[in-house]
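upload.txt (compact mmCIF, C-alpha atoms and all ligand atoms) appears below.
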```txt
# COMPACT_ATOMS: atom_id res chain seq x y z
CA MET A 195 132.70 177.33 -92.30
CA ASN A 196 130.59 177.56 -95.45
CA ARG A 197 129.38 174.58 -97.47
CA ARG A 198 132.32 174.63 -99.90
CA GLU A 199 134.89 174.86 -97.13
CA PHE A 200 133.10 172.12 -95.24
CA THR A 201 133.15 169.77 -98.23
CA ALA A 202 136.81 170.53 -98.89
CA ALA A 203 137.68 169.89 -95.27
CA LEU A 204 135.75 166.66 -95.36
CA ALA A 205 137.60 165.49 -98.45
CA ALA A 206 140.90 166.30 -96.77
CA GLY A 207 139.87 164.36 -93.66
CA ALA A 208 140.40 167.49 -91.62
CA LEU A 209 137.14 167.45 -89.66
CA SER A 210 138.47 165.06 -87.13
CA THR A 211 137.87 166.64 -83.78
CA TRP A 212 135.24 165.97 -81.16
CA GLY A 213 135.19 168.15 -78.11
CA GLY A 214 138.01 170.32 -79.44
CA GLY A 215 140.78 167.70 -79.71
CA ARG A 216 143.48 168.28 -82.31
CA HIS A 217 144.48 164.76 -83.24
CA ARG A 218 143.39 162.60 -86.11
CA LEU A 219 140.98 160.15 -84.50
CA PRO A 220 140.53 156.43 -85.21
CA TRP A 221 137.10 156.83 -86.79
CA MET A 222 138.60 158.69 -89.76
CA SER A 223 140.63 155.67 -90.78
CA GLY A 224 139.23 152.81 -88.72
CA ALA A 225 137.25 150.19 -90.60
CA PRO A 226 134.96 148.48 -88.11
CA GLY A 227 134.04 145.89 -90.77
CA ARG A 228 130.76 144.82 -89.19
CA ARG A 229 127.63 144.56 -91.34
CA VAL A 230 123.96 144.22 -90.47
CA ASN A 231 121.85 141.23 -91.51
CA GLY A 232 120.06 142.78 -94.50
CA ASP A 233 117.58 139.96 -95.03
CA ARG A 234 116.46 140.10 -91.43
CA LEU A 235 116.15 143.89 -91.55
CA ASN A 236 113.97 143.84 -94.67
CA ARG A 237 111.88 141.00 -93.24
CA HIS A 238 111.21 142.99 -90.07
CA LEU A 239 110.25 146.00 -92.16
CA ALA A 240 107.76 143.89 -94.14
CA GLU A 241 106.32 142.44 -90.94
CA LEU A 242 105.94 145.89 -89.42
CA ALA A 243 104.06 147.04 -92.54
CA ARG A 244 101.23 144.63 -91.66
CA PHE A 245 100.19 146.80 -88.71
CA GLY A 246 97.68 149.29 -90.06
CA ALA A 247 98.17 148.13 -93.68
CA ASN A 248 95.83 150.17 -95.86
CA PRO A 249 94.11 149.01 -99.07
CA GLN A 250 96.23 151.44 -101.13
CA GLY A 251 99.41 149.53 -100.24
CA GLY A 252 100.85 151.67 -97.45
CA VAL A 253 99.94 152.03 -93.78
CA THR A 254 97.49 154.11 -91.81
CA ARG A 255 99.02 153.88 -88.35
CA VAL A 256 98.32 157.22 -86.80
CA ALA A 257 99.68 157.73 -83.31
CA TYR A 258 97.50 156.37 -80.48
CA SER A 259 95.47 154.09 -82.78
CA ASP A 260 95.12 150.37 -82.09
CA ALA A 261 97.47 149.70 -85.02
CA ASP A 262 100.09 151.98 -83.45
CA LYS A 263 99.84 150.19 -80.13
CA GLN A 264 100.03 146.74 -81.73
CA ALA A 265 103.02 147.76 -83.84
CA ARG A 266 104.77 149.01 -80.70
CA GLU A 267 104.23 145.60 -79.07
CA TYR A 268 105.80 143.98 -82.14
CA VAL A 269 108.73 146.40 -81.96
CA MET A 270 109.31 145.73 -78.27
CA GLY A 271 109.36 142.00 -79.07
CA LEU A 272 112.09 142.59 -81.67
CA MET A 273 114.02 144.63 -79.13
CA ARG A 274 113.97 141.76 -76.65
CA GLU A 275 115.15 139.37 -79.40
CA ALA A 276 118.00 141.81 -79.97
CA ARG A 277 118.76 141.55 -76.24
CA LEU A 278 117.74 145.11 -75.56
CA THR A 279 115.66 146.07 -72.55
CA PRO A 280 112.67 148.14 -73.72
CA THR A 281 110.83 150.46 -71.37
CA ILE A 282 108.14 153.09 -71.96
CA ASP A 283 109.05 156.49 -70.56
CA THR A 284 106.42 158.75 -68.98
CA ALA A 285 105.98 160.55 -72.34
CA GLY A 286 105.07 157.26 -74.05
CA ASN A 287 108.34 156.79 -75.98
CA ILE A 288 109.90 153.33 -76.23
CA ILE A 289 113.47 153.45 -74.94
CA ALA A 290 115.50 150.25 -75.20
CA SER A 291 118.87 150.18 -73.52
CA ARG A 292 122.10 148.28 -74.01
CA ALA A 293 124.88 148.68 -71.45
CA GLY A 294 128.26 150.10 -72.42
CA THR A 295 131.62 149.29 -70.88
CA ASP A 296 131.76 152.65 -69.12
CA PRO A 297 128.63 153.35 -67.05
CA ASN A 298 129.84 156.90 -66.40
CA ARG A 299 129.40 157.87 -70.02
CA LYS A 300 126.25 159.49 -71.35
CA PRO A 301 124.16 157.33 -73.68
CA ILE A 302 124.24 157.52 -77.46
CA LEU A 303 120.65 157.53 -78.74
CA PHE A 304 119.54 156.31 -82.16
CA GLY A 305 116.11 155.48 -83.57
CA SER A 306 113.09 156.98 -85.29
CA HIS A 307 109.27 156.61 -85.16
CA ILE A 308 106.66 154.08 -86.30
CA ASP A 309 103.51 156.21 -86.33
CA SER A 310 102.30 157.35 -89.76
CA VAL A 311 100.22 160.06 -91.38
CA PRO A 312 96.70 159.03 -92.44
CA GLU A 313 97.05 157.00 -95.68
CA GLY A 314 100.82 157.03 -95.40
CA GLY A 315 103.58 154.71 -96.59
CA SER A 316 105.49 151.86 -94.96
CA TYR A 317 108.98 153.40 -94.89
CA ASP A 318 108.77 156.83 -93.24
CA GLY A 319 110.15 156.30 -89.72
CA ASN A 320 109.94 152.53 -90.04
CA VAL A 321 113.25 152.19 -91.87
CA GLY A 322 115.15 154.06 -89.16
CA SER A 323 113.33 152.20 -86.39
CA MET A 324 113.95 148.71 -87.78
CA ALA A 325 117.52 149.61 -88.70
CA ALA A 326 118.25 150.86 -85.19
CA ILE A 327 117.13 147.54 -83.70
CA GLU A 328 119.07 145.65 -86.37
CA VAL A 329 122.22 147.60 -85.53
CA ALA A 330 121.84 146.71 -81.84
CA GLN A 331 121.25 143.06 -82.73
CA THR A 332 124.32 143.05 -84.99
CA LEU A 333 126.48 144.44 -82.20
CA GLY A 334 125.24 141.66 -79.91
CA GLU A 335 125.96 138.97 -82.47
CA HIS A 336 129.50 140.29 -82.95
CA GLY A 337 130.02 140.43 -79.20
CA THR A 338 130.68 144.15 -79.47
CA THR A 339 130.12 146.31 -76.42
CA THR A 340 130.42 150.03 -76.98
CA ARG A 341 132.02 152.36 -74.47
CA HIS A 342 128.85 154.41 -74.22
CA PRO A 343 125.53 152.95 -73.13
CA LEU A 344 123.20 152.77 -76.14
CA GLN A 345 119.50 153.60 -76.28
CA VAL A 346 117.30 152.68 -79.22
CA THR A 347 114.48 155.24 -79.18
CA ILE A 348 111.12 154.86 -80.88
CA TRP A 349 109.50 158.27 -80.46
CA GLN A 350 105.73 158.50 -80.12
CA ASN A 351 103.60 160.69 -82.40
CA GLU A 352 106.32 162.11 -84.62
CA GLU A 353 103.82 162.85 -87.35
CA GLY A 354 101.56 164.91 -85.11
CA GLY A 355 104.47 167.24 -84.26
CA LEU A 356 107.35 165.43 -82.53
CA TYR A 357 105.31 165.04 -79.35
CA GLY A 358 107.41 162.28 -77.78
CA SER A 359 110.83 163.69 -78.61
CA ARG A 360 109.80 167.25 -77.70
CA ALA A 361 108.64 166.00 -74.29
CA VAL A 362 112.17 164.69 -73.81
CA SER A 363 113.83 167.88 -75.08
CA GLY A 364 111.58 170.07 -72.92
CA GLN A 365 109.95 171.87 -75.86
CA LEU A 366 106.46 170.40 -75.33
CA THR A 367 104.11 172.80 -73.53
CA GLN A 368 101.37 171.85 -71.09
CA ALA A 369 98.75 173.46 -73.38
CA GLU A 370 99.70 171.16 -76.27
CA LEU A 371 98.60 168.13 -74.26
CA SER A 372 95.01 169.15 -75.07
CA ASN A 373 95.59 169.17 -78.84
CA VAL A 374 93.49 166.57 -80.63
CA SER A 375 95.56 164.03 -82.58
CA ASN A 376 94.66 162.27 -85.83
CA SER A 377 93.39 159.33 -83.75
CA GLY A 378 90.70 161.55 -82.18
CA LYS A 379 92.38 161.24 -78.77
CA THR A 380 94.00 164.25 -77.16
CA ILE A 381 97.77 164.06 -76.74
CA ALA A 382 97.27 163.45 -72.99
CA GLU A 383 94.81 160.61 -73.65
CA GLY A 384 97.15 159.18 -76.28
CA ILE A 385 100.15 159.16 -73.97
CA ALA A 386 98.10 157.30 -71.34
CA PHE A 387 96.89 154.85 -74.04
CA LEU A 388 100.51 154.03 -74.94
CA GLY A 389 101.49 153.41 -71.31
CA GLY A 390 102.99 156.81 -70.48
CA ASP A 391 102.03 158.90 -67.46
CA VAL A 392 101.10 162.50 -68.24
CA ALA A 393 101.12 163.53 -64.58
CA ARG A 394 104.81 162.53 -64.47
CA ILE A 395 105.73 163.60 -68.01
CA ALA A 396 108.48 165.90 -66.71
CA GLU A 397 110.42 162.80 -65.67
CA ALA A 398 110.99 161.98 -69.36
CA ARG A 399 112.75 165.31 -69.81
CA ARG A 400 116.50 165.39 -70.42
CA GLN A 401 118.86 168.32 -70.28
CA ARG A 402 121.45 169.53 -72.75
CA GLY A 403 124.52 167.36 -72.30
CA ASP A 404 122.54 164.37 -70.99
CA ILE A 405 123.20 162.50 -74.24
CA ALA A 406 126.52 161.82 -75.96
CA GLY A 407 124.86 162.08 -79.36
CA TYR A 408 121.87 161.19 -81.52
CA LEU A 409 121.75 159.43 -84.89
CA GLU A 410 118.72 158.80 -87.10
CA LEU A 411 118.44 156.96 -90.39
CA HIS A 412 115.48 158.04 -92.53
CA ILE A 413 114.19 157.90 -96.08
CA GLU A 414 114.87 161.13 -97.96
CA GLN A 415 111.18 161.74 -98.81
CA GLY A 416 112.27 163.82 -101.81
CA GLY A 417 113.71 162.84 -105.18
CA THR A 418 117.25 164.26 -105.05
CA LEU A 419 119.26 161.15 -104.17
CA GLU A 420 117.50 158.95 -106.71
CA ARG A 421 117.72 161.58 -109.45
CA GLU A 422 121.42 162.18 -108.84
CA GLN A 423 122.12 158.47 -108.21
CA ILE A 424 123.66 159.08 -104.80
CA ASP A 425 123.57 156.36 -102.15
CA ILE A 426 123.51 158.36 -98.93
CA GLY A 427 122.34 161.83 -97.93
CA VAL A 428 124.20 163.50 -95.06
CA VAL A 429 121.68 165.89 -93.55
CA GLU A 430 123.02 169.37 -92.94
CA GLY A 431 119.91 170.74 -91.24
CA ILE A 432 116.21 170.16 -90.66
CA VAL A 433 113.54 172.71 -91.49
CA GLY A 434 111.58 174.53 -88.84
CA ILE A 435 107.83 173.88 -88.92
CA LYS A 436 104.98 175.87 -87.44
CA GLN A 437 101.36 174.80 -87.63
CA TRP A 438 98.23 176.76 -86.78
CA GLU A 439 94.55 175.94 -86.56
CA VAL A 440 92.74 178.72 -88.41
CA THR A 441 89.07 179.39 -87.66
CA VAL A 442 87.10 181.52 -90.11
CA THR A 443 83.86 182.80 -88.66
CA GLY A 444 81.01 184.09 -90.83
CA PHE A 445 77.27 183.60 -90.50
CA ALA A 446 75.34 180.45 -91.45
CA ASN A 447 72.17 181.27 -93.34
CA HIS A 448 69.70 179.91 -95.89
CA ALA A 449 71.44 179.15 -99.20
CA GLY A 450 68.27 179.85 -101.19
CA THR A 451 66.91 183.03 -99.62
CA THR A 452 70.09 184.97 -98.78
CA PRO A 453 71.12 187.22 -101.69
CA MET A 454 74.71 186.92 -102.89
CA ASP A 455 75.63 190.39 -101.67
CA GLN A 456 74.39 189.73 -98.12
CA ARG A 457 76.39 186.62 -97.30
CA HIS A 458 79.11 186.15 -94.70
CA ASP A 459 80.35 182.94 -96.28
CA ALA A 460 83.21 181.48 -94.23
CA LEU A 461 84.10 178.94 -96.92
CA LEU A 462 84.40 181.61 -99.59
CA ALA A 463 86.80 183.53 -97.32
CA ALA A 464 88.71 180.31 -96.54
CA SER A 465 89.06 179.59 -100.27
CA ARG A 466 90.59 183.03 -100.80
CA PHE A 467 92.84 182.30 -97.81
CA VAL A 468 94.12 179.06 -99.39
CA GLU A 469 95.01 180.97 -102.55
CA ALA A 470 96.64 183.78 -100.54
CA VAL A 471 98.88 181.35 -98.62
CA ASN A 472 100.18 179.97 -101.90
CA ARG A 473 100.66 183.46 -103.36
CA ILE A 474 102.51 184.85 -100.32
CA VAL A 475 104.76 181.80 -99.86
CA THR A 476 105.74 181.69 -103.53
CA GLY A 477 106.13 185.47 -103.63
CA MET A 478 109.37 185.42 -101.62
CA PRO A 479 112.66 184.07 -102.94
CA GLY A 480 113.85 180.90 -101.23
CA ARG A 481 112.86 177.29 -100.49
CA GLN A 482 110.10 178.00 -97.97
CA VAL A 483 106.85 176.05 -98.29
CA GLY A 484 103.33 176.65 -97.01
CA THR A 485 100.32 174.32 -96.97
CA VAL A 486 96.66 174.29 -96.00
CA GLY A 487 96.32 170.55 -95.46
CA ARG A 488 92.93 170.22 -93.77
CA LEU A 489 89.73 172.21 -94.16
CA GLN A 490 86.26 171.57 -92.75
CA ALA A 491 83.15 173.69 -93.36
CA PHE A 492 80.29 173.88 -90.85
CA PRO A 493 77.50 173.06 -90.64
CA GLY A 494 78.36 171.29 -93.91
CA ALA A 495 75.09 171.03 -95.85
CA PRO A 496 74.46 171.81 -99.53
CA ASN A 497 71.66 174.27 -98.67
CA VAL A 498 73.36 176.19 -95.85
CA ILE A 499 75.91 178.98 -96.33
CA PRO A 500 78.93 177.87 -94.30
CA GLY A 501 79.09 179.90 -91.10
CA ARG A 502 82.41 178.52 -89.89
CA VAL A 503 85.49 176.90 -91.37
CA VAL A 504 88.28 175.28 -89.45
CA CYS A 505 91.46 174.70 -91.43
CA THR A 506 95.20 174.36 -90.84
CA LEU A 507 98.17 176.43 -91.92
CA GLU A 508 101.66 174.98 -92.00
CA LEU A 509 104.85 176.92 -92.83
CA ARG A 510 108.37 175.49 -93.17
CA ASP A 511 111.83 176.91 -93.67
CA LEU A 512 115.37 176.46 -92.37
CA ASP A 513 115.13 180.04 -91.05
CA ALA A 514 112.69 180.58 -88.16
CA ALA A 515 112.58 184.34 -88.84
CA LYS A 516 111.34 183.73 -92.37
CA ILE A 517 108.51 181.54 -91.05
CA ASP A 518 107.49 184.37 -88.75
CA ALA A 519 107.64 186.94 -91.57
CA LEU A 520 105.46 184.74 -93.77
CA HIS A 521 102.99 184.22 -90.97
CA GLU A 522 102.74 187.95 -90.35
CA ALA A 523 102.06 188.60 -94.05
CA ILE A 524 99.42 185.85 -94.15
CA VAL A 525 97.63 187.19 -91.06
CA ALA A 526 97.54 190.69 -92.57
CA GLU A 527 96.15 189.30 -95.82
CA SER A 528 93.49 187.27 -93.97
CA THR A 529 92.24 190.47 -92.31
CA ARG A 530 91.86 192.03 -95.77
CA ILE A 531 90.06 188.91 -97.05
CA GLY A 532 87.71 188.91 -94.06
CA ALA A 533 86.81 192.56 -94.65
CA GLN A 534 85.54 191.66 -98.13
CA ASN A 535 82.57 189.65 -96.85
CA GLY A 536 82.29 190.31 -93.12
CA THR A 537 84.16 187.29 -91.83
CA THR A 538 86.95 187.02 -89.25
CA PHE A 539 90.07 184.87 -89.00
CA ALA A 540 91.53 183.53 -85.73
CA PHE A 541 94.90 181.72 -85.59
CA ARG A 542 95.79 179.26 -82.82
CA MET A 543 99.30 177.86 -82.94
CA LEU A 544 99.30 174.07 -82.69
CA HIS A 545 103.01 173.41 -82.40
CA GLU A 546 106.48 174.38 -83.48
CA ASN A 547 109.50 172.30 -84.49
CA VAL A 548 112.49 174.59 -84.35
CA PRO A 549 114.95 174.45 -87.29
CA ALA A 550 118.02 172.40 -86.39
CA PRO A 551 121.42 172.22 -88.04
CA SER A 552 123.16 168.87 -87.66
CA ASP A 553 126.56 168.78 -85.94
CA PRO A 554 129.42 169.10 -88.48
CA ARG A 555 131.45 166.50 -86.59
CA VAL A 556 128.61 163.99 -86.86
CA ARG A 557 128.18 164.79 -90.56
CA ALA A 558 131.86 164.01 -91.02
CA LEU A 559 131.65 160.65 -89.29
CA ILE A 560 128.55 159.67 -91.28
CA ALA A 561 130.42 160.55 -94.47
CA ALA A 562 133.42 158.53 -93.27
CA ALA A 563 131.19 155.53 -92.52
CA ALA A 564 129.65 155.76 -96.00
CA ARG A 565 133.04 156.15 -97.65
CA GLU A 566 134.31 153.03 -95.91
CA LEU A 567 131.42 151.12 -97.49
CA GLY A 568 132.19 152.57 -100.93
CA LEU A 569 128.96 154.59 -100.97
CA THR A 570 128.52 158.02 -102.53
CA THR A 571 127.23 160.88 -100.37
CA LYS A 572 125.66 164.28 -100.70
CA VAL A 573 125.22 166.90 -98.00
CA MET A 574 121.60 168.06 -98.13
CA PRO A 575 118.87 169.79 -96.12
CA SER A 576 115.77 168.00 -94.84
CA GLY A 577 112.43 169.50 -95.85
CA ALA A 578 110.66 167.02 -93.60
CA GLY A 579 110.53 167.30 -89.84
CA HIS A 580 112.26 164.70 -87.68
CA ASP A 581 112.65 163.78 -84.02
CA ALA A 582 116.35 164.49 -84.59
CA GLN A 583 115.59 168.20 -84.46
CA ALA A 584 114.37 167.89 -80.88
CA MET A 585 117.43 165.79 -80.00
CA ALA A 586 119.72 168.43 -81.53
CA THR A 587 118.91 170.64 -78.54
CA LEU A 588 120.35 167.98 -76.20
CA GLY A 589 123.57 166.94 -77.94
CA PRO A 590 125.40 166.41 -81.25
CA MET A 591 122.90 165.21 -83.87
CA GLY A 592 123.31 163.65 -87.29
CA MET A 593 120.92 162.15 -89.84
CA ILE A 594 121.45 159.68 -92.66
CA PHE A 595 119.14 159.67 -95.70
CA ILE A 596 118.59 156.91 -98.24
CA PRO A 597 116.84 157.38 -101.60
CA SER A 598 113.05 157.52 -101.87
CA ILE A 599 111.90 156.16 -105.22
CA GLY A 600 110.15 158.85 -107.22
CA GLY A 601 110.50 161.23 -104.28
CA ILE A 602 107.10 160.05 -103.01
CA SER A 603 106.37 160.13 -99.29
CA HIS A 604 103.44 160.58 -96.90
CA ALA A 605 101.56 158.49 -99.47
CA PRO A 606 101.00 154.75 -99.97
CA LYS A 607 103.36 154.64 -102.97
CA GLU A 608 106.31 155.61 -100.77
CA LEU A 609 109.17 153.20 -101.55
CA SER A 610 112.83 152.66 -100.72
CA LEU A 611 114.75 149.72 -102.15
CA PRO A 612 115.97 146.84 -99.95
CA ASN A 613 119.59 147.41 -100.93
CA ASP A 614 119.43 151.11 -100.07
CA ILE A 615 117.85 150.24 -96.73
CA VAL A 616 120.71 147.85 -95.95
CA ASN A 617 123.24 150.50 -97.02
CA GLY A 618 121.61 153.00 -94.71
CA ALA A 619 121.64 150.57 -91.79
CA ASN A 620 125.33 149.80 -92.36
CA VAL A 621 126.13 153.51 -92.42
CA LEU A 622 124.17 153.90 -89.19
CA LEU A 623 126.22 151.07 -87.66
CA GLY A 624 129.51 152.56 -88.86
CA ALA A 625 128.57 156.06 -87.73
CA LEU A 626 127.48 154.77 -84.32
CA LEU A 627 130.79 152.95 -83.76
CA ARG A 628 132.71 156.03 -84.82
CA MET A 629 130.64 158.23 -82.53
CA ASP A 630 131.32 155.80 -79.69
CA GLN A 631 135.05 156.20 -80.29
CA MET A 632 135.06 159.95 -80.59
CA ALA A 633 132.36 161.29 -78.27
CA SER A 634 133.91 162.49 -75.06
CA GLY A 635 130.74 162.56 -72.93
C1 LIG B 1 107.02 164.69 -90.76
O1 LIG B 1 107.17 163.70 -91.44
C2 LIG B 1 106.80 165.95 -91.41
O2 LIG B 1 107.72 166.44 -92.07
O3 LIG B 1 105.67 166.43 -91.34
MN MN B 2 109.47 160.43 -90.47
MN MN B 3 106.52 161.72 -91.93
```
Show me this structure written as structure tokens.
Amino acid sequence: MNRREFTAALAAGALSTWGGGRHRLPWMSGAPGRRVNGDRLNRHLAELARFGANPQGGVTRVAYSDADKQAREYVMGLMREARLTPTIDTAGNIIASRAGTDPNRKPILFGSHIDSVPEGGSYDGNVGSMAAIEVAQTLGEHGTTTRHPLQVTIWQNEEGGLYGSRAVSGQLTQAELSNVSNSGKTIAEGIAFLGGDVARIAEARRQRGDIAGYLELHIEQGGTLEREQIDIGVVEGIVGIKQWEVTVTGFANHAGTTPMDQRHDALLAASRFVEAVNRIVTGMPGRQVGTVGRLQAFPGAPNVIPGRVVCTLELRDLDAAKIDALHEAIVAESTRIGAQNGTTFAFRMLHENVPAPSDPRVRALIAAAARELGLTTKVMPSGAGHDAQAMATLGPMGMIFIPSIGGISHAPKELSLPNDIVNGANVLLGALLRMDQMASG
């Protein structure tokens, strides 16, 4: 089904099957009528923003920092108030359960993350995390017990590369546990710091079919919804992301006595590399993006020609094959750049988030939940990575976006409006109840 057919089917209410059934199901017409407590939700979000608050007005709460750990304690307190039972799995994720009426059913998972990028904002991940707890609390206050057990999931180190959710989906490799996170701790040290147990990390793993479904509310992080004045984004797919550490090796030498034509300047080669990444990525048609986001020159003195540079390369696209084609072109170009001044380039892959389409049935129930609330929707891709893409390998996944003001994210000026946050949480609640009705697992 292409996008146009999908939209037409949605409008006609035809996408009403889960697990191959042929009947019109209650979630297409049912109006659960429950609403979250918006004031409480926005208050919790403001309280959470105090952990790691940065002077620029956002948060610096990188995974495995003290601020991250303290915020997790706060979150687990909220979970208990919402009469959930939080536990920390061996991968360091917070998993808070609520029993369903049928213990034989697989759980429905919903949640997000509370770690941030360095100098980040207070909404990325936090909105979906606070909303998930609010939804659970609302269900409790209405005396509603779902058929499926529920699990509110706060994934650890989303920003570093979906480390917590990929441990659960089985995509995390042993070698990645030695990667150094933004906190300075390795992933293994970070997991231990959060209360996980790396030696038993395999116990956190789930298999395809172990979950009835996964839902995540998130800020859009782009400017489309605000620009087009749409309330809710229904995510059709999440980009794939690959990141590499790139080491450029030259020769450190005296900056005063080494003639210009005898230098093996690693920083000069790295500068050409940065330009080449931009040129190659923009040289192909499509929406792919490529970034060199970190670069360090060694030994790093004004009077020494840099002998070594360590930088990062990140490539994103909905098509994994395109990421690989771009990478191949960039590696070939780096060899050419290195030959110009006697330097070499080495690429070490840090991690991969595989591209993930959302499940069309979950998209349809998110749209139905929004429609019931009188909210406008748009089906759209996600250019940001999300834990939902790891969960998509385990069961039907759907994501709900709300507008980001000015399309600013991963920056202190990130902002979503209280009313949009409440709308998003109510759509999450409605979508969850519909999924509970329709999911067969
Ligand atoms: C996560 O927010 C990412 O897209 O990098
Ligand atoms: Mn996020
Ligand atoms: Mn982010």
For the interface of chain A with ligand LIG 1 (chain B) (cut-off 10 Å, counting all atoms listed in the file), please tabulate each contacting residue of chain A alongside its nearest pair of atoms and their separation in Å to one decimal, rows sorted by chain and increasing number, as a Markdown table.
```
| residue | atom | partner | partner_atom | distance |
| --- | --- | --- | --- | --- |
| A:His307 | CA | B:LIG1 | O1 | 9.7 |
| A:Asp309 | CA | B:LIG1 | O1 | 9.8 |
| A:Ser310 | CA | B:LIG1 | O1 | 8.2 |
| A:Val311 | CA | B:LIG1 | O1 | 7.8 |
| A:Asp318 | CA | B:LIG1 | O1 | 7.3 |
| A:Gly319 | CA | B:LIG1 | O1 | 8.2 |
| A:Asn351 | CA | B:LIG1 | C1 | 9.9 |
| A:Glu352 | CA | B:LIG1 | C1 | 6.7 |
| A:Glu353 | CA | B:LIG1 | C1 | 5.0 |
| A:Gly354 | CA | B:LIG1 | O3 | 7.6 |
| A:Gly355 | CA | B:LIG1 | O3 | 7.2 |
| A:Leu356 | CA | B:LIG1 | C1 | 8.3 |
| A:Gln415 | CA | B:LIG1 | O1 | 8.6 |
| A:Ile432 | CA | B:LIG1 | O2 | 9.4 |
| A:Val433 | CA | B:LIG1 | O2 | 8.6 |
| A:Gly434 | CA | B:LIG1 | O2 | 9.5 |
| A:Ile435 | CA | B:LIG1 | O2 | 8.1 |
| A:Glu508 | CA | B:LIG1 | O3 | 9.5 |
| A:Arg510 | CA | B:LIG1 | O2 | 9.1 |
| A:Asn547 | CA | B:LIG1 | O2 | 9.7 |
| A:Ser576 | CA | B:LIG1 | O2 | 8.7 |
| A:Gly577 | CA | B:LIG1 | O2 | 6.8 |
| A:Ala578 | CA | B:LIG1 | O2 | 3.4 |
| A:Gly579 | CA | B:LIG1 | O2 | 3.7 |
| A:His580 | CA | B:LIG1 | C1 | 6.1 |
| A:Asp581 | CA | B:LIG1 | C1 | 8.8 |
| A:Ser603 | CA | B:LIG1 | O1 | 8.7 |
| A:His604 | CA | B:LIG1 | O1 | 7.3 |
```
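Distance check against ligand MN 3 (chain B) using only C-alpha atoms and all ligand atoms: of A:Ile348, A:Val573, A:Ala605, A:Leu623, the minimum falls on A:Ala605.
CA of Ala382 in chain A is positioned 10.4 Å from CA of Tyr357 in chain A.
Minimum distance to ligand MN 2 (chain B) across A:Gly315, A:Pro500, A:Pro297, A:Pro249 (counting all atoms listed in the file) occurs at A:Gly315.
Interatomic distance, CA of Glu414 in chain A to CA of His521 in chain A: 26.9 Å.
In this comparison, which uses only C-alpha atoms, the residue of A:Ile615, A:Ala396, A:Ala285, A:Ile426 approaching Trp349 in chain A most closely is A:Ala285.
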Using all atoms listed in the file, the shortest atom-to-atom distance to Thr338 in chain A among A:Ile308, A:Leu627, A:Val475, A:Val483 belongs to A:Leu627
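Within the 10 Å cut-off around Ile531 in chain A, using only C-alpha atoms and omitting residues fewer than 2 positions from it on the same chain, the listed residues are Leu462, Ala463, Ala464, Ser465, Arg466, Phe467, Ala470, Val525, Ala526, Glu527, Ser528, Thr529, Ala533, Gln534, Asn535, Gly536, Thr537, Thr538 and Phe539 of chain A.
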Test item: which residues lie within 10 Å of (126.6, 159.3, -80.0) counting only C-alpha atoms, as a PyMOL selection string:
chain A and resi 300-304+342-345+405-409+556+589-592+625-635
The distance between CA of Pro597 in chain A and CA of Leu411 in chain A is 11.3 Å
Item to complete: May I have the residues within 7 Å of Thr279 in chain A as JSON, numbers by chain, using all atoms listed in the file and disregarding those fewer than 5 positions away in the same chain?
Response: {"A": [273, 274, 290, 291, 292]}
Show me, as AutoDock Vina command-line options, the centre and edge lengths in Å to one decimal of the axis-aligned box that covers every listed atom of range 547-553 of chain A with 6 Å on each side.
```
--center_x 118.0 --center_y 171.7 --center_z -86.2 --size_x 29.1 --size_y 17.8 --size_z 15.7
```
* **Residue contacts of His545 in chain A (8 Å, all atoms listed in the file) excluding same-chain residues fewer than 2 positions away, as a PyMOL selection string** => chain A and resi 355+370+436-438+543+547
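Proximity of A:Ala386, A:Ile602, A:Val504, A:Met324 to ligand MN 3 (chain B), computed with only C-alpha atoms and all ligand atoms, is greatest for A:Ile602.
For the set A:Ile395, A:Leu520, A:Leu333, A:Ala558, the residue with the smallest atom-to-atom gap to Gln482 in chain A is A:Leu520, counting all atoms listed in the file.
A distance cut-off of 10 Å around (119.8, 141.2, -93.3), counting all atoms listed in the file, selects these protein and nucleic acid residues: Arg229, Val230, Asn231, Gly232, Asp233, Arg234, Leu235, Asn236, Arg237, His238, Ala325, Glu328, Thr332, Pro612, Asn613, Ile615, Val616 and Ala619 of chain A.
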task = Could you give me, as a ChimeraX atom specification, the residues within 8 Å of Val440 in chain A, counting all atoms listed in the file and dropping anything in the same chain fewer than 5 positions from it?
result = /A:504-507,539-542
